[in-house]
$ cat input-v2.cif   # mmCIF, C-alpha atoms
data_data
loop_
_atom_site.label_atom_id
_atom_site.label_comp_id
_atom_site.auth_asym_id
_atom_site.auth_seq_id
_atom_site.Cartn_x
_atom_site.Cartn_y
_atom_site.Cartn_z
CA MET A 1 27.34 17.87 -19.26
CA ILE A 2 28.54 14.33 -18.60
CA ASN A 3 28.42 11.81 -21.36
CA ARG A 4 29.29 8.23 -20.40
CA LYS A 5 28.07 5.32 -22.45
CA ILE A 6 27.13 2.64 -19.95
CA LYS A 7 27.54 -0.90 -21.21
CA ASN A 8 24.25 -2.61 -21.93
CA TYR A 9 24.80 -5.70 -19.82
CA THR A 10 25.66 -3.67 -16.69
CA PHE A 11 22.59 -1.59 -17.27
CA ILE A 12 20.22 -4.57 -17.75
CA LEU A 13 21.70 -6.46 -14.79
CA PHE A 14 21.21 -3.55 -12.40
CA LEU A 15 17.77 -2.63 -13.71
CA PHE A 16 16.29 -6.13 -13.42
CA THR A 17 17.89 -6.84 -10.03
CA PHE A 18 16.51 -3.58 -8.66
CA LEU A 19 13.09 -4.14 -10.22
CA PHE A 20 12.95 -7.58 -8.66
CA LEU A 21 13.87 -6.17 -5.23
CA GLN A 22 11.43 -3.26 -5.55
CA ILE A 23 8.43 -5.50 -6.19
CA THR A 24 9.26 -8.33 -3.79
CA PHE A 25 11.61 -7.59 -0.91
CA ILE A 26 11.42 -3.81 -0.38
CA PRO A 27 7.63 -3.37 0.13
CA GLN A 28 7.52 -6.40 2.46
CA PHE A 29 10.49 -5.32 4.55
CA PHE A 30 9.48 -1.67 4.81
CA ALA A 31 5.71 -2.34 5.16
CA GLY A 32 4.14 0.39 7.28
CA ASN A 33 7.20 2.63 7.02
CA HIS A 34 8.57 4.85 4.28
CA ILE A 35 9.32 2.65 1.29
CA PRO A 36 12.52 3.53 -0.59
CA ASN A 37 12.28 3.78 -4.37
CA ILE A 38 15.50 2.10 -5.46
CA ILE A 39 14.41 2.13 -9.12
CA LEU A 40 14.19 5.92 -9.11
CA ALA A 41 17.62 6.11 -7.44
CA LEU A 42 19.11 3.85 -10.13
CA LEU A 43 17.51 5.79 -12.97
CA LEU A 44 18.70 9.10 -11.51
CA ALA A 45 22.25 7.70 -11.29
CA PHE A 46 22.06 6.61 -14.93
CA SER A 47 20.62 9.95 -15.90
CA ALA A 48 23.57 11.72 -14.24
CA LEU A 49 26.12 9.48 -15.96
CA ASP A 50 24.66 9.85 -19.42
CA SER A 51 22.90 13.16 -19.55
CA LYS A 52 23.45 13.58 -23.27
CA SER A 53 21.34 10.84 -24.81
CA ALA A 54 17.64 10.06 -24.57
CA ASN A 55 18.33 6.34 -23.92
CA ILE A 56 17.38 6.62 -20.25
CA PHE A 57 13.68 7.06 -21.11
CA TYR A 58 13.24 3.47 -22.32
CA PRO A 59 14.35 1.72 -19.10
CA ALA A 60 12.39 4.34 -17.16
CA PHE A 61 9.33 3.40 -19.19
CA LEU A 62 9.89 -0.34 -18.63
CA ALA A 63 10.44 0.12 -14.88
CA GLY A 64 7.33 2.28 -14.59
CA PHE A 65 5.29 -0.32 -16.46
CA ILE A 66 6.37 -3.17 -14.13
CA LEU A 67 5.81 -1.03 -11.03
CA ASP A 68 2.37 -0.02 -12.29
CA ILE A 69 1.36 -3.67 -12.50
CA PHE A 70 2.21 -4.08 -8.82
CA SER A 71 0.73 -0.78 -7.76
CA GLY A 72 -2.85 -0.65 -6.56
CA ASN A 73 -3.35 2.85 -7.91
CA CYS A 74 -4.57 3.72 -11.39
CA PHE A 75 -2.56 2.19 -14.20
CA GLY A 76 -0.06 4.51 -15.90
CA SER A 77 0.53 6.80 -12.92
CA VAL A 78 3.99 5.36 -12.09
CA ILE A 79 5.15 5.36 -15.74
CA VAL A 80 4.16 9.00 -16.26
CA SER A 81 5.65 10.13 -12.91
CA ILE A 82 8.96 8.36 -13.58
CA LEU A 83 9.14 9.70 -17.14
CA VAL A 84 8.48 13.26 -15.99
CA ALA A 85 11.03 12.99 -13.13
CA ILE A 86 13.70 11.50 -15.41
CA PHE A 87 13.00 14.07 -18.13
CA ILE A 88 13.53 16.90 -15.63
CA SER A 89 16.60 15.26 -14.12
CA SER A 90 18.07 14.62 -17.56
CA TYR A 91 17.36 18.21 -18.66
CA LEU A 92 18.92 19.72 -15.51
CA ASN A 93 21.91 17.36 -15.63
CA HIS A 94 22.49 18.40 -19.23
CA TYR A 95 22.94 22.06 -18.26
CA PHE A 96 24.05 22.09 -14.64
CA LEU A 97 25.96 18.90 -13.85
CA LYS A 98 29.54 19.74 -14.72
CA GLU A 99 31.13 17.37 -12.22
CA LEU A 100 29.66 13.99 -11.33
CA PHE A 101 30.23 13.83 -7.56
CA SER A 102 29.07 17.30 -6.68
CA TYR A 103 26.33 19.10 -4.74
CA ASN A 104 24.49 19.62 -8.01
CA LEU A 105 23.80 15.90 -8.23
CA PHE A 106 22.16 16.10 -4.79
CA PHE A 107 19.99 19.12 -5.67
CA ILE A 108 18.96 17.85 -9.09
CA SER A 109 18.10 14.38 -7.74
CA SER A 110 16.18 15.83 -4.77
CA PHE A 111 14.18 18.09 -7.06
CA SER A 112 13.42 15.14 -9.37
CA ILE A 113 12.20 13.08 -6.39
CA LEU A 114 9.91 15.93 -5.36
CA VAL A 115 8.56 16.18 -8.92
CA TYR A 116 8.03 12.40 -9.04
CA ASN A 117 5.98 12.40 -5.82
CA VAL A 118 3.91 15.48 -6.68
CA VAL A 119 3.07 14.14 -10.17
CA TYR A 120 2.30 10.71 -8.74
CA ILE A 121 -0.16 11.84 -6.07
CA PHE A 122 -1.75 14.24 -8.53
CA LEU A 123 -2.32 11.38 -10.98
CA ILE A 124 -3.60 8.78 -8.53
CA ASN A 125 -6.49 10.90 -7.31
CA THR A 126 -7.40 14.53 -6.93
CA SER A 127 -8.91 13.89 -3.49
CA ASP A 128 -5.65 12.25 -2.42
CA PHE A 129 -3.83 15.27 -3.74
CA GLN A 130 -5.88 17.50 -1.45
CA GLN A 131 -5.61 15.15 1.49
CA ILE A 132 -1.86 14.76 1.24
CA PHE A 133 -1.37 18.52 1.20
CA LEU A 134 -3.64 18.87 4.21
CA ASN A 135 -1.27 16.42 5.89
CA ALA A 136 1.78 18.42 4.82
CA LYS A 137 3.95 16.93 7.57
CA GLN A 138 3.28 13.41 6.29
CA PHE A 139 4.05 14.44 2.72
CA LEU A 140 7.28 16.18 3.74
CA LEU A 141 8.38 13.11 5.68
CA ILE A 142 7.82 10.91 2.62
CA ILE A 143 9.90 13.29 0.47
CA VAL A 144 12.68 13.61 3.08
CA PHE A 145 12.93 9.83 3.51
CA GLN A 146 12.92 9.33 -0.26
CA ILE A 147 15.75 11.84 -0.61
CA ILE A 148 17.75 10.23 2.20
CA TYR A 149 17.32 6.73 0.77
CA THR A 150 18.15 7.92 -2.73
CA MET A 151 21.21 9.86 -1.63
CA ILE A 152 22.50 6.86 0.34
CA MET A 153 22.32 4.92 -2.90
CA ILE A 154 23.00 7.36 -5.70
CA TYR A 155 26.66 8.24 -4.98
CA PRO A 156 27.87 4.64 -4.48
CA LEU A 157 25.73 3.53 -7.45
CA THR A 158 27.17 6.19 -9.71
CA TYR A 159 30.66 5.23 -8.57
CA ILE A 160 30.07 1.50 -9.16
CA LEU A 161 28.57 2.12 -12.60
CA LEU A 162 31.46 4.38 -13.52
CA ARG A 163 34.02 1.78 -12.42
CA LYS A 164 32.22 -0.99 -14.31
CA ASP A 165 32.15 1.24 -17.35
CA GLU A 166 35.88 1.93 -17.19
CA LYS A 167 36.86 -1.75 -17.00
CA MET B 168 23.15 20.78 -28.06
CA ASN B 169 19.61 21.70 -29.09
CA LYS B 170 19.51 18.58 -31.18
CA GLU B 171 20.07 16.46 -28.05
CA ILE B 172 17.34 18.26 -26.13
CA ASN B 173 14.98 17.89 -29.08
CA ALA B 174 15.71 14.16 -29.20
CA LYS B 175 14.82 13.94 -25.50
CA ILE B 176 11.57 15.85 -25.96
CA VAL B 177 10.56 13.70 -28.96
CA THR B 178 11.32 10.45 -27.05
CA PHE B 179 9.47 11.74 -23.99
CA ILE B 180 6.36 12.64 -26.00
CA PHE B 181 6.50 9.37 -27.94
CA LEU B 182 6.59 7.39 -24.69
CA LEU B 183 3.70 9.41 -23.25
CA VAL B 184 1.65 8.42 -26.32
CA VAL B 185 2.58 4.77 -25.69
CA VAL B 186 1.47 5.20 -22.04
CA ALA B 187 -1.90 6.53 -23.25
CA LEU B 188 -2.23 3.45 -25.46
CA LEU B 189 -1.33 1.16 -22.53
CA ILE B 190 -3.91 2.87 -20.31
CA PHE B 191 -6.52 2.21 -23.01
CA LEU B 192 -5.43 -1.45 -23.28
CA ASN B 193 -5.64 -1.74 -19.51
CA LYS B 194 -9.18 -0.32 -19.47
CA THR B 195 -10.24 -2.89 -22.08
CA GLU B 196 -8.58 -5.65 -19.94
CA ASN B 197 -6.10 -6.53 -22.68
CA LEU B 198 -3.16 -6.28 -20.30
CA ASN B 199 -4.54 -8.87 -17.88
CA GLN B 200 -2.49 -11.70 -19.39
CA ILE B 201 0.77 -9.77 -18.88
CA LYS B 202 -0.32 -8.89 -15.33
CA ASN B 203 -1.10 -12.55 -14.62
CA TYR B 204 2.33 -13.75 -15.82
CA THR B 205 4.24 -11.05 -13.96
CA THR B 206 2.38 -11.59 -10.71
CA SER B 207 2.62 -15.39 -10.96
CA PHE B 208 6.38 -14.99 -11.21
CA ALA B 209 6.68 -12.60 -8.26
CA SER B 210 4.03 -14.12 -5.94
CA PRO B 211 5.94 -17.06 -4.43
CA ILE B 212 9.00 -14.89 -3.84
CA GLY B 213 6.91 -12.12 -2.27
CA LYS B 214 5.23 -14.67 -0.01
CA THR B 215 8.60 -15.96 1.21
CA PHE B 216 9.92 -12.44 1.80
CA GLN B 217 6.75 -11.57 3.76
CA THR B 218 7.47 -14.33 6.30
CA TYR B 219 11.16 -13.50 6.67
CA SER B 220 10.74 -9.73 6.80
CA ASN B 221 8.13 -10.17 9.55
CA LYS B 222 10.65 -12.20 11.55
CA VAL B 223 13.37 -9.58 11.10
CA ASN B 224 10.99 -6.71 11.95
CA ASN B 225 9.73 -8.56 15.02
CA PHE B 226 13.29 -9.06 16.22
CA PHE B 227 14.05 -5.32 16.04
CA TRP B 228 10.68 -4.49 17.56
CA THR B 229 11.42 -6.79 20.55
CA ILE B 230 14.76 -5.08 21.18
CA GLU B 231 13.16 -1.63 20.96
CA ASN B 232 10.35 -2.46 23.38
CA ILE B 233 12.12 -4.64 25.94
CA ASP B 234 11.54 -2.10 28.78
CA GLU B 235 7.81 -1.99 28.21
CA PHE B 236 7.42 -5.76 28.49
CA LYS B 237 7.68 -5.80 32.30
CA ASN B 238 4.81 -3.34 32.79
CA GLU B 239 2.85 -5.03 30.05
CA ASN B 240 3.27 -8.37 31.81
CA ILE B 241 1.82 -7.05 35.09
CA ARG B 242 -1.11 -5.48 33.25
CA ILE B 243 -1.79 -8.69 31.29
CA ASN B 244 -1.77 -10.76 34.48
CA GLU B 245 -4.40 -8.47 36.00
CA GLU B 246 -6.44 -8.63 32.85
CA ASN B 247 -6.15 -12.43 32.82
CA LEU B 248 -7.87 -12.66 36.18
CA LYS B 249 -10.77 -10.55 34.92
CA MET B 250 -10.91 -12.50 31.65
CA GLY B 251 -11.12 -15.81 33.47
CA TYR B 252 -14.37 -14.71 35.04
CA GLU B 253 -15.65 -13.33 31.71
CA ILE B 254 -14.88 -16.65 29.97
CA LEU B 255 -16.90 -18.55 32.53
CA LYS B 256 -19.84 -16.24 31.91
CA LEU B 257 -19.46 -16.52 28.12
CA LYS B 258 -19.31 -20.33 28.24
CA GLU B 259 -22.57 -20.32 30.05
CA MET B 260 -24.07 -17.97 27.47
CA GLN B 261 -22.71 -20.13 24.62
CA ARG B 262 -24.43 -23.17 26.07
CA GLU B 263 -27.68 -21.27 26.26
CA ASN B 264 -27.15 -19.96 22.73
CA GLU B 265 -26.65 -23.49 21.35
CA ILE B 266 -29.87 -24.65 22.93
CA LEU B 267 -31.71 -21.69 21.43
CA ARG B 268 -30.14 -22.28 17.98
CA LYS B 269 -31.31 -25.89 18.05
CA GLN B 270 -34.74 -24.70 18.95
CA MET B 271 -34.70 -22.14 16.10
CA LYS B 272 -33.26 -24.79 13.65
CA PHE B 273 -30.31 -22.60 12.55
CA SER B 274 -27.23 -24.27 11.06
CA LYS B 275 -24.15 -24.46 13.29
CA ASN B 276 -21.75 -22.56 11.03
CA SER B 277 -21.58 -18.83 10.31
CA CYS B 278 -25.25 -18.52 9.47
CA SER B 279 -27.76 -16.12 10.87
CA ALA B 280 -31.06 -14.67 9.67
CA GLY B 281 -30.90 -16.92 6.58
CA VAL B 282 -27.47 -15.64 5.47
CA CYS B 283 -24.47 -17.97 5.57
CA ILE B 284 -20.88 -16.80 5.29
CA LYS B 285 -18.32 -18.94 3.48
CA TRP B 286 -14.68 -18.34 4.47
CA GLN B 287 -11.79 -18.90 2.10
CA MET B 288 -8.21 -18.77 3.36
CA ALA B 289 -5.64 -16.85 1.32
CA SER B 290 -2.04 -15.67 1.61
CA ILE B 291 -0.60 -12.24 0.98
CA THR B 292 1.86 -12.49 -1.90
CA GLY B 293 2.79 -8.87 -2.55
CA ARG B 294 2.40 -5.28 -1.46
CA ASP B 295 2.15 -1.92 -3.15
CA PRO B 296 5.71 -0.73 -3.84
CA SER B 297 4.82 2.95 -3.46
CA ASN B 298 4.33 5.19 -0.43
CA PHE B 299 0.89 6.40 -1.47
CA GLY B 300 -1.18 3.26 -1.66
CA LYS B 301 -2.24 0.63 0.84
CA TYR B 302 -2.85 -2.42 -1.30
CA VAL B 303 -1.91 -6.08 -1.06
CA PHE B 304 -2.07 -8.97 -3.49
CA ILE B 305 -3.53 -12.32 -2.50
CA ASP B 306 -3.18 -15.75 -4.09
CA LEU B 307 -6.89 -16.30 -4.89
CA GLY B 308 -8.62 -15.06 -8.02
CA LYS B 309 -11.37 -15.76 -10.54
CA ASN B 310 -10.49 -19.47 -10.43
CA ASN B 311 -11.50 -19.47 -6.75
CA ASP B 312 -14.78 -17.57 -7.31
CA ILE B 313 -13.43 -14.39 -5.77
CA GLN B 314 -15.48 -11.30 -6.62
CA GLU B 315 -14.95 -7.57 -6.35
CA GLY B 316 -16.26 -6.02 -3.13
CA GLN B 317 -15.79 -9.10 -0.94
CA PRO B 318 -14.43 -8.32 2.54
CA VAL B 319 -10.99 -9.48 3.64
CA VAL B 320 -10.61 -10.35 7.32
CA VAL B 321 -8.08 -11.89 9.67
CA SER B 322 -8.84 -14.48 12.33
CA GLY B 323 -11.33 -13.20 14.88
CA GLY B 324 -13.44 -11.49 12.21
CA LEU B 325 -11.30 -8.35 12.07
CA LEU B 326 -11.87 -6.53 8.80
CA ILE B 327 -8.70 -5.35 7.04
CA GLY B 328 -9.90 -4.48 3.54
CA LYS B 329 -11.92 -5.45 0.50
CA ILE B 330 -11.26 -6.93 -2.93
CA ILE B 331 -11.08 -4.26 -5.63
CA GLU B 332 -9.75 -6.15 -8.67
CA VAL B 333 -9.86 -9.83 -9.52
CA PHE B 334 -7.53 -11.60 -11.98
CA THR B 335 -7.30 -15.27 -12.97
CA ASN B 336 -5.01 -16.42 -10.16
CA PHE B 337 -4.72 -13.42 -7.89
CA SER B 338 -6.66 -10.44 -6.57
CA LYS B 339 -5.91 -6.92 -5.44
CA VAL B 340 -7.08 -5.89 -1.96
CA MET B 341 -7.54 -2.29 -0.87
CA LEU B 342 -6.73 -2.08 2.83
CA ILE B 343 -9.02 -0.03 5.06
CA THR B 344 -6.06 2.26 5.80
CA ASP B 345 -5.97 3.45 2.18
CA SER B 346 -7.30 6.98 1.74
CA LYS B 347 -9.75 5.80 -0.95
CA SER B 348 -11.29 3.13 1.26
CA SER B 349 -14.69 3.71 2.86
CA ILE B 350 -16.76 1.16 4.80
CA ASN B 351 -20.25 1.67 6.20
CA SER B 352 -20.12 0.97 9.88
CA ILE B 353 -21.91 1.23 13.19
CA THR B 354 -20.76 1.45 16.80
CA GLN B 355 -21.75 -1.54 18.89
CA ILE B 356 -23.09 0.12 22.05
CA SER B 357 -24.29 3.57 20.97
CA ARG B 358 -25.48 2.30 17.52
CA SER B 359 -24.12 5.41 15.76
CA ASN B 360 -23.90 5.01 11.99
CA GLY B 361 -20.81 6.30 10.21
CA VAL B 362 -18.26 5.66 7.52
CA VAL B 363 -14.80 4.28 8.25
CA ARG B 364 -12.24 5.97 6.00
CA GLY B 365 -8.51 5.48 5.58
CA SER B 366 -6.24 8.40 6.28
CA TYR B 367 -2.56 9.06 5.51
CA ALA B 368 -1.82 10.53 8.90
CA THR B 369 -3.97 8.60 11.36
CA GLY B 370 -4.59 5.17 9.84
CA VAL B 371 -8.39 4.90 9.98
CA LYS B 372 -11.14 7.28 11.06
CA LEU B 373 -14.84 6.98 11.74
CA GLU B 374 -16.56 9.87 9.98
CA MET B 375 -20.02 11.21 9.08
CA ILE B 376 -21.53 10.70 12.54
CA ASN B 377 -24.41 13.04 13.32
CA GLN B 378 -23.74 15.57 16.08
CA SER B 379 -26.84 14.32 17.90
CA GLU B 380 -25.46 10.76 18.18
CA LYS B 381 -23.69 9.76 21.36
CA LEU B 382 -20.23 8.32 20.86
CA THR B 383 -18.09 6.86 23.63
CA VAL B 384 -14.39 6.13 23.77
CA GLY B 385 -13.77 2.39 23.73
CA ASP B 386 -16.97 1.56 21.84
CA LEU B 387 -16.48 -1.24 19.31
CA ILE B 388 -16.92 -0.35 15.62
CA ILE B 389 -18.40 -3.04 13.39
CA THR B 390 -19.59 -3.22 9.77
CA SER B 391 -23.21 -2.12 9.38
CA GLY B 392 -24.13 -4.61 6.64
CA LEU B 393 -25.37 -1.83 4.34
CA GLU B 394 -22.87 -2.80 1.64
CA ASP B 395 -23.76 -5.56 -0.79
CA LYS B 396 -21.04 -8.09 -0.08
CA ILE B 397 -19.92 -7.08 3.40
CA PRO B 398 -21.83 -8.87 6.16
CA LYS B 399 -22.90 -7.11 9.34
CA GLY B 400 -20.76 -7.53 12.44
CA LEU B 401 -17.19 -7.68 11.15
CA ILE B 402 -14.98 -5.91 13.69
CA ILE B 403 -13.07 -2.84 12.53
CA GLY B 404 -11.65 -1.45 15.78
CA ARG B 405 -12.39 0.61 18.86
CA VAL B 406 -13.10 4.34 19.25
CA LEU B 407 -9.84 5.90 20.42
CA ASN B 408 -10.43 9.63 20.33
CA ILE B 409 -13.56 11.67 19.51
CA GLU B 410 -13.21 14.83 17.43
CA GLU B 411 -16.19 17.16 17.61
CA SER B 412 -16.66 20.83 17.00
CA ALA B 413 -19.73 23.08 17.04
CA ASN B 414 -18.75 24.35 13.59
CA ASN B 415 -18.83 20.91 11.96
CA VAL B 416 -21.95 19.15 10.77
CA PHE B 417 -20.54 15.72 11.62
CA LYS B 418 -18.44 14.21 14.38
CA SER B 419 -15.46 11.98 13.70
CA ALA B 420 -13.34 9.61 15.73
CA GLU B 421 -9.90 8.06 15.50
CA ILE B 422 -9.98 4.28 15.49
CA ASN B 423 -7.68 1.91 17.30
CA MET B 424 -7.33 -1.19 15.12
CA PHE B 425 -6.75 -4.54 16.80
CA VAL B 426 -4.40 -5.84 14.16
CA ASP B 427 -1.17 -4.55 12.64
CA ILE B 428 -2.08 -4.75 8.97
CA ASN B 429 1.57 -4.65 7.92
CA LYS B 430 2.36 -7.92 9.71
CA VAL B 431 -0.59 -9.94 8.47
CA GLU B 432 0.24 -13.06 6.42
CA GLU B 433 -2.84 -15.31 6.37
CA ILE B 434 -6.22 -13.79 5.65
CA PHE B 435 -9.80 -14.92 4.94
CA ILE B 436 -12.20 -13.85 2.22
CA ALA B 437 -15.84 -13.83 3.27
CA SER B 438 -18.60 -14.54 0.77
CA MET B 439 -22.27 -14.35 1.68
CA GLU B 440 -24.58 -17.13 0.56
CA LEU B 441 -28.28 -16.46 0.78
#
$ encode --input "input-v2.cif" --output "structure tokens"
Amino acid sequence: MINRKIKNYTFILFLFTFLFLQITFIPQFFAGNHIPNIILALLLAFSALDSKSANIFYPAFLAGFILDIFSGNCFGSVIVSILVAIFISSYLNHYFLKELFSYNLFFISSFSILVYNVVYIFLINTSDFQQIFLNAKQFLLIIVFQIIYTMIMIYPLTYILLRKDEK
Amino acid sequence: MNKEINAKIVTFIFLLVVVALLIFLNKTENLNQIKNYTTSFASPIGKTFQTYSNKVNNFFWTIENIDEFKNENIRINEENLKMGYEILKLKEMQRENEILRKQMKFSKNSCSAGVCIKWQMASITGRDPSNFGKYVFIDLGKNNDIQEGQPVVVSGGLLIGKIIEVFTNFSKVMLITDSKSSINSITQISRSNGVVRGSYATGVKLEMINQSEKLTVGDLIITSGLEDKIPKGLIIGRVLNIEESANNVFKSAEINMFVDINKVEEIFIASMEL
């Protein structure tokens, strides 16, 4: 179990910058391709750094709320998916993440991303849920790209946050 | 240690209850003010990013496809020759058409059979940030008399979606590539009725065509006019590939769209005036 108290200002700065990018730049730049979820990557990094407290749920809730406003799908689906993914990540980090920069971080984060996507498509529509599983290749590609994007970000992010915290 | 886990579970359940409350507030349209403020803040920035990201994407696309341009150029030149002749024929037909319209006393604009279409130009200001939805936000809303169900087209009358939610200053558009989108349509030559549906894997598909109907590759697919606010004749695409099987009740076809929806910036909202 890793228990780092991240300073509030670092936390708020990162969260709002990433939220701003996720709703403006990212969907425009990646339109038609696999869109990275940088908010989920940031929250997973935070969840790994501070797996002891329940503080991570509040920014996850706020981020989900903002993303839901900009999502065309039914309201509440992003908040619930993010909360479930972060809850699982936080729970697994609590028991299994003994060292920060380890393979466990990769497996826990990947599993959380999978949970996020499954919960999300289940919530947006049951017919979508069926359709996406009929197109299993498409669904797998989305998950693989999400994991790649998140992994590209999560290790440097965790490192940066840790350094900021130590200063 | 159990105490910490319990605290997490309690916070998690508490936040789920708050989500339920928010969903209720959203249903009763009490969150619209917050949505308006948030979108008003993000819209101009999203609009700017749309233009720049298109330029960057186009640059990479050009580099990727540089080899194909030579062949494409030869093909286009050949097509140009054919088109020149077609244009001459069409000009002649247009002249005849104008004479007939004058004789029938129809107005010059987009009016036919007593129905006029009013076009309003709008800009795309944002896109769905998730991988599972094909939605865009536009800068026209209730203040501009936009209504749910109105079709969204690009120049040339190419349908790209329809309005699904209207707010004070902006509206949400469901693109025809979204899996929840369905548009009543008809093929131009064979007159086969069907429904155009979005699909995750293939973009858009023409479905629900009777086995007895004849469908040909290359046939143009247009809106059938059966929906309340969508006029007849908006172009959706061309039949690319027909999928039929003796076991299925209906035929389906993949559609080749004429426009890359992801690169669209300026759009038009059509409203019918009787």
$ resolve_selection --input "input-v2.cif" --expression "the PyMOL selection byres ((chain B) within 6 of (chain A))" --output "number ranges by chain"
B: 175, 213, 216-217, 220, 294-296, 298, 302, 429
$ write_last_selection --input "input-v2.cif" --atoms "C-alpha atoms" --output "PDB file, in the frame of the given file"
ATOM      1  CA  LYS B 175      14.820  13.940 -25.500  1.00  0.00           C
ATOM      2  CA  GLY B 213       6.910 -12.120  -2.270  1.00  0.00           C
ATOM      3  CA  PHE B 216       9.920 -12.440   1.800  1.00  0.00           C
ATOM      4  CA  GLN B 217       6.750 -11.570   3.760  1.00  0.00           C
ATOM      5  CA  SER B 220      10.740  -9.730   6.800  1.00  0.00           C
ATOM      6  CA  ARG B 294       2.400  -5.280  -1.460  1.00  0.00           C
ATOM      7  CA  ASP B 295       2.150  -1.920  -3.150  1.00  0.00           C
ATOM      8  CA  PRO B 296       5.710  -0.730  -3.840  1.00  0.00           C
ATOM      9  CA  ASN B 298       4.330   5.190  -0.430  1.00  0.00           C
ATOM     10  CA  TYR B 302      -2.850  -2.420  -1.300  1.00  0.00           C
ATOM     11  CA  ASN B 429       1.570  -4.650   7.920  1.00  0.00           C
TER      12      ASN B 429
END
$ atom_distance --input "input-v2.cif" --atom1 "atom CA of B:Glu433" --atom2 "atom CA of B:Ser322"
8.5 Å
$ residues_around --input "input-v2.cif" --residues "A:Ile147" --least-positions-apart "5" --cutoff "10 Å" --atoms "all atoms listed in the file" --output "compact mmCIF listing (two decimals) with C-alpha atoms, in the coordinates of the input"
# COMPACT_ATOMS: atom_id res chain seq x y z
CA PRO A 36 12.52 3.53 -0.59
CA ASN A 37 12.28 3.78 -4.37
CA ALA A 41 17.62 6.11 -7.44
CA PHE A 106 22.16 16.10 -4.79
CA PHE A 107 19.99 19.12 -5.67
CA SER A 109 18.10 14.38 -7.74
CA SER A 110 16.18 15.83 -4.77
CA PHE A 111 14.18 18.09 -7.06
CA SER A 112 13.42 15.14 -9.37
CA ILE A 113 12.20 13.08 -6.39
CA LEU A 114 9.91 15.93 -5.36
CA LEU A 141 8.38 13.11 5.68
CA ILE A 142 7.82 10.91 2.62
CA ILE A 152 22.50 6.86 0.34
CA MET A 153 22.32 4.92 -2.90
CA ILE A 154 23.00 7.36 -5.70
$ resolve_selection --input "input-v2.cif" --expression "the PyMOL selection byres ((chain B and resi 333-347) around 7)" --output "PyMOL selection string"
(chain A and resi 128) or (chain B and resi 203+300-310+313-315+327-332+348-349+364-367+370-371)
$ resolve_selection --input "input-v2.cif" --expression "the PyMOL selection byres ((chain B and resi 407) around 7)" --output "list in words"
Val384, Gly385, Arg405, Val406, Asn408, Ile409, Ala420, Glu421, Ile422 and Asn423 of chain B
$ atom_distance --input "input-v2.cif" --atom1 "atom CA of B:Val431" --atom2 "atom CA of B:Ile291"
7.8 Å
$ atom_distance --input "input-v2.cif" --atom1 "atom CA of A:Leu44" --atom2 "atom CA of A:Leu105"
9.1 Å
$ closest_residue --input "input-v2.cif" --among "B:Gln355, B:Val362, B:Lys249, B:Gly400" --to "B:Asp386" --atoms "all atoms listed in the file"
B:Gln355
$ closest_residue --input "input-v2.cif" --among "A:Ala48, A:Arg163, A:Leu13, A:Leu42" --to "A:Phe101" --atoms "only C-alpha atoms"
A:Ala48
$ decode --input "input-v2.cif" --residues "stretch 195-212 of chain B" --atoms "C-alpha atoms" --output "PDB file, in the first residue's frame"
ATOM      1  CA  THR B 195     -36.206  17.742 -15.024  1.00  0.00           C
ATOM      2  CA  GLU B 196     -33.911  20.116 -17.024  1.00  0.00           C
ATOM      3  CA  ASN B 197     -32.554  21.755 -13.871  1.00  0.00           C
ATOM      4  CA  LEU B 198     -28.959  21.250 -14.976  1.00  0.00           C
ATOM      5  CA  ASN B 199     -29.409  23.145 -18.244  1.00  0.00           C
ATOM      6  CA  GLN B 200     -28.030  26.386 -16.798  1.00  0.00           C
ATOM      7  CA  ILE B 201     -24.790  24.671 -15.716  1.00  0.00           C
ATOM      8  CA  LYS B 202     -24.553  22.979 -19.124  1.00  0.00           C
ATOM      9  CA  ASN B 203     -25.047  26.330 -20.863  1.00  0.00           C
ATOM     10  CA  TYR B 204     -22.265  28.030 -18.867  1.00  0.00           C
ATOM     11  CA  THR B 205     -19.812  25.159 -19.296  1.00  0.00           C
ATOM     12  CA  THR B 206     -20.406  24.854 -23.017  1.00  0.00           C
ATOM     13  CA  SER B 207     -20.286  28.633 -23.568  1.00  0.00           C
ATOM     14  CA  PHE B 208     -16.855  28.604 -21.956  1.00  0.00           C
ATOM     15  CA  ALA B 209     -15.520  25.675 -24.002  1.00  0.00           C
ATOM     16  CA  SER B 210     -17.191  26.453 -27.376  1.00  0.00           C
ATOM     17  CA  PRO B 211     -14.872  29.157 -28.753  1.00  0.00           C
ATOM     18  CA  ILE B 212     -11.797  27.162 -27.750  1.00  0.00           C
TER      19      ILE B 212
END
